[in-house]
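Colleague: This is the structure I have questions about; it appears just below.
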Amino acid sequence: MMGKEMNYKDYYKILGVDKTASLDEIKKRYRLLARKYHPDVSKEKNAEEKFKEVQEAYTVLKDPEKRKAYDQMGQYQSAQGFQPPPNWGENVHFEFGGGEGFSDFFENLFGQQARSRRGNFKQRGADQQAKLPISLEEAYHGGVKSFSIEGKQLKVKIPAGITEGQQIRLAGQGGLGMNGGASGDLYLEIILLPHPLYAVERKDIMLSLPITPWEAALGAAIEVPTLGGKIKLKISTNSQTGQKLRLKGRGLPGKIPGDQYVLLKICTPEAKTEKQKSFYKEMAKEMPFNPREKM
């Protein structure tokens with residue numbers, strides 16, 4: 001193995017990424033090419049050969065240690081060919097999960113452990129991950145949602161009460177297997193889209209509720225929106241801006257459902273006419289009040 005010249009394999013070029021590409025970029029590119037050239041589905045010319053090249057490149061570049069070792073080899077490439085440095089094969093060994101038909105370049109660089117097992121064996125496809133944005137209403141009610149990923153149209157069941165960051169596993173919807181091996185799984189991470197009325201903290205729902213000065217002073221029973229529909233909420237007399245009222249169990253559903261919290265915000269109407277201005281002046285006279293006296 002030592003001193004043997006061979007054709008240099010440019011794994012970055014095979015995957016179509018820069019040498020400074022991040023692991024996420026490498027994974028994304030691999031998934032695209034693996035689906036494009038997979039022998040079971042591809043109509044591309046020399047699809048099987050290209051698929052093996054892509055597999056080999058990804059096997060090296062996805063692992064930081066193997067990638068570092070490969071990058072160090074780049075300096076030994078020349079116009080006369082490629083030749084590993086002295087004693088390279090004796091000192092460098094890596095464990096690989098196996099791959100059929102890896103090149104001589106690969107085997108000579110990475111030692112006995114990298115030698116392919118010549119024969120047919122089943123190889124499971126890689127697991128994949130993706131983000132799935134859903135509305136707060138979809139998280140509350142649940143249901144079936146359609147989405148597309150890498151050209152595939154899929155449907156996923158959203159359980160009622162799912163929260164930001166939770167994952168849903170779709171078995172067999174990840175990377176394709178080899179030689180009859182099972183496909184990998186697809187893991188969808190839930191992302192909640194912004195809502196015009198509500199903010200979310202885990203399973204709790206937050207609502208800023210505007211009320212009038214007279215509703216705050218005299219008390220009132222007003223309709224309040226929730227994800228499950230409008231309900232009556234009692235506002236106590238002499239309520240203040242910033243008060244927080246709790247609607248138990250009105251958050252996202254679950255074994256232990258969340259709550260909805262209503263934050264009161266007193267909104268003062270504008271005095272546009274002389275009569276309205278006189279009313280405010282009379283109120284100031286009848287109810288002298290300095291909210292800044294303790295400042």
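Letters A, B, ... mark the chains of the structure tokens in the order given; residue numbers begin at 1 per chain; ligand numbers begin at 1, in order shown.
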So that I can check the surroundings of segment 220-228 of chain A, please list as a PyMOL selection string every protein, DNA and RNA residue that reaches within 12 Å of it, counting only C-alpha atoms and ignoring chain neighbours fewer than 6 positions away.

Modeller: chain A and resi 135-141+160-161+195+197-200+204-214+234-239+245-253+258-264

Colleague: Out of A:Ala271, A:Leu61, A:Leu170, A:Ala284, which residue has the shortest atom-to-atom distance to Lys19 of chain A when counting only C-alpha atoms?

Modeller: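 Smallest separation from Lys19 of chain A among the options: A:Leu61.
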
Colleague: Counting only C-alpha atoms, which residue out of A:Lys265, A:Lys244, A:Arg35, A:Lys68 sits closest to Lys152 of chain A?

Modeller: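 Checking each candidate against Lys152 of chain A, we get A:Arg35 as the closest.
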
Colleague: Tell me which protein, DNA and RNA residues are within 7 Å of segment 181-184 of chain A, counting only C-alpha atoms, leaving out same-chain ones fewer than 2 positions away, and put them as a tab-separated table (two decimals) with N, CA and C atoms, in the first residue's frame.

Modeller:
```tsv
chain	number	residue	atom	x	y	z
A	122	LYS	N	-27.26	-5.73	2.81
A	122	LYS	CA	-28.26	-4.68	2.98
A	122	LYS	C	-27.68	-3.52	3.78
A	123	GLN	N	-27.94	-2.32	3.31
A	123	GLN	CA	-27.45	-1.14	4.01
A	123	GLN	C	-28.62	-0.18	4.24
A	124	ARG	N	-28.87	0.14	5.50
A	124	ARG	CA	-29.98	1.03	5.84
A	124	ARG	C	-29.70	2.45	5.40
A	125	GLY	N	-30.72	3.14	4.94
A	125	GLY	CA	-30.57	4.52	4.53
A	125	GLY	C	-30.36	5.44	5.72
A	126	ALA	N	-29.84	6.64	5.45
A	126	ALA	CA	-29.55	7.59	6.52
A	126	ALA	C	-30.83	8.25	7.03
A	127	ASP	N	-30.88	8.53	8.33
A	127	ASP	CA	-31.97	9.32	8.88
A	127	ASP	C	-31.82	10.77	8.43
A	172	GLY	N	-39.25	5.34	7.64
A	172	GLY	CA	-39.03	4.97	6.25
A	172	GLY	C	-39.07	6.10	5.25
A	173	GLN	N	-39.13	7.35	5.72
A	173	GLN	CA	-39.19	8.48	4.80
A	173	GLN	C	-37.87	9.25	4.72
A	174	GLY	N	-36.80	8.65	5.25
A	174	GLY	CA	-35.48	9.27	5.17
A	174	GLY	C	-34.73	8.82	3.93
A	175	GLY	N	-33.41	8.71	4.03
A	175	GLY	CA	-32.59	8.32	2.89
A	175	GLY	C	-32.87	6.88	2.46
A	176	LEU	N	-32.72	6.63	1.16
A	176	LEU	CA	-32.97	5.29	0.62
A	176	LEU	C	-31.87	4.32	1.01
A	177	GLY	N	-32.26	3.05	1.25
A	177	GLY	CA	-31.29	2.02	1.57
A	177	GLY	C	-30.65	1.45	0.32
A	178	MET	N	-29.64	0.60	0.52
A	178	MET	CA	-28.96	-0.06	-0.59
A	178	MET	C	-29.21	-1.56	-0.54
A	179	ASN	N	-29.30	-2.17	-1.73
A	179	ASN	CA	-29.44	-3.62	-1.86
A	179	ASN	C	-30.59	-4.17	-1.04
A	186	LEU	N	-37.41	9.97	8.83
A	186	LEU	CA	-37.43	11.42	8.72
A	186	LEU	C	-37.95	11.99	10.03
```

Colleague: What's the 9 Å shell around Lys27 of chain A, counting only C-alpha atoms, without same-chain residues fewer than 4 positions away, as an mmCIF file with N, CA and C atoms, in the first residue's frame?

Modeller:
```cif
data_model
loop_
_atom_site.group_PDB
_atom_site.id
_atom_site.type_symbol
_atom_site.label_atom_id
_atom_site.label_comp_id
_atom_site.auth_asym_id
_atom_site.auth_seq_id
_atom_site.Cartn_x
_atom_site.Cartn_y
_atom_site.Cartn_z
ATOM 1 N N SER A 22 -19.785 23.706 5.520
ATOM 2 C CA SER A 22 -20.173 23.222 6.839
ATOM 3 C C SER A 22 -20.743 21.812 6.726
ATOM 4 N N LEU A 23 -20.870 21.153 7.882
ATOM 5 C CA LEU A 23 -21.426 19.800 7.895
ATOM 6 C C LEU A 23 -22.869 19.802 7.390
ATOM 7 N N ARG A 31 -27.764 14.409 0.467
ATOM 8 C CA ARG A 31 -29.136 13.924 0.346
ATOM 9 C C ARG A 31 -29.682 14.162 -1.057
ATOM 10 N N LEU A 32 -29.373 15.326 -1.599
ATOM 11 C CA LEU A 32 -29.845 15.666 -2.942
ATOM 12 C C LEU A 32 -29.255 14.718 -3.986
ATOM 13 N N TYR A 58 -19.192 11.232 0.988
ATOM 14 C CA TYR A 58 -19.918 11.591 2.205
ATOM 15 C C TYR A 58 -19.394 10.839 3.421
ATOM 16 N N LYS A 62 -18.248 13.619 6.212
ATOM 17 C CA LYS A 62 -19.193 13.833 7.304
ATOM 18 C C LYS A 62 -18.533 13.659 8.673
#
```

Colleague: Would you give me, as a count of residues only, the residues in segment 135-295 of chain A that DSSP reads as strand (DSSP E or B)?

Modeller: 59

Colleague: How many Å lie between atom CA of Glu56 of chain A and atom CA of Lys9 of chain A, rounded to one decimal?

Modeller: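 Atom-to-atom, atom CA of Glu56 of chain A to atom CA of Lys9 of chain A, that is 9.7 Å.
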
Colleague: I'd like the neighbourhood of His38 of chain A as a list in words, where a residue qualifies if any of its atoms comes within 10 Å (using only C-alpha atoms), though same-chain residues fewer than 5 positions away should be ignored.

Modeller: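 Result of the neighbour search: Leu33, Lys43, Glu44, Ala47, Glu48, Glu49, Lys50, Phe51, Lys52, Val54, Gly175, Leu176, Gly177 and Met178 of chain A.
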
Colleague: How many Å separate atom CA of Pro159 of chain A from atom CA of Ile190 of chain A?

Modeller: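 Interatomic distance, atom CA of Pro159 of chain A to atom CA of Ile190 of chain A: 11.2 Å.
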
Colleague: If you measure from atom CA of Arg292 of chain A to atom CA of Thr241 of chain A, what distance in Å do you get, rounded to one decimal?

Modeller: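 Distance between the two atoms: 14.7 Å.
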
Colleague: Of the residues A:Lys45, A:Lys36, A:Lys285, A:Arg29, which is the one nearest to Ala57 of chain A, using only C-alpha atoms?

Modeller: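 Once distances to Ala57 of chain A are computed over only C-alpha atoms, the minimum belongs to A:Arg29.
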
Colleague: Looking at A:Gly165, A:Pro288, A:Pro64, A:Gly151, which one is nearest to Ile134 of chain A, with distances taken over only C-alpha atoms?

Modeller: A:Gly165
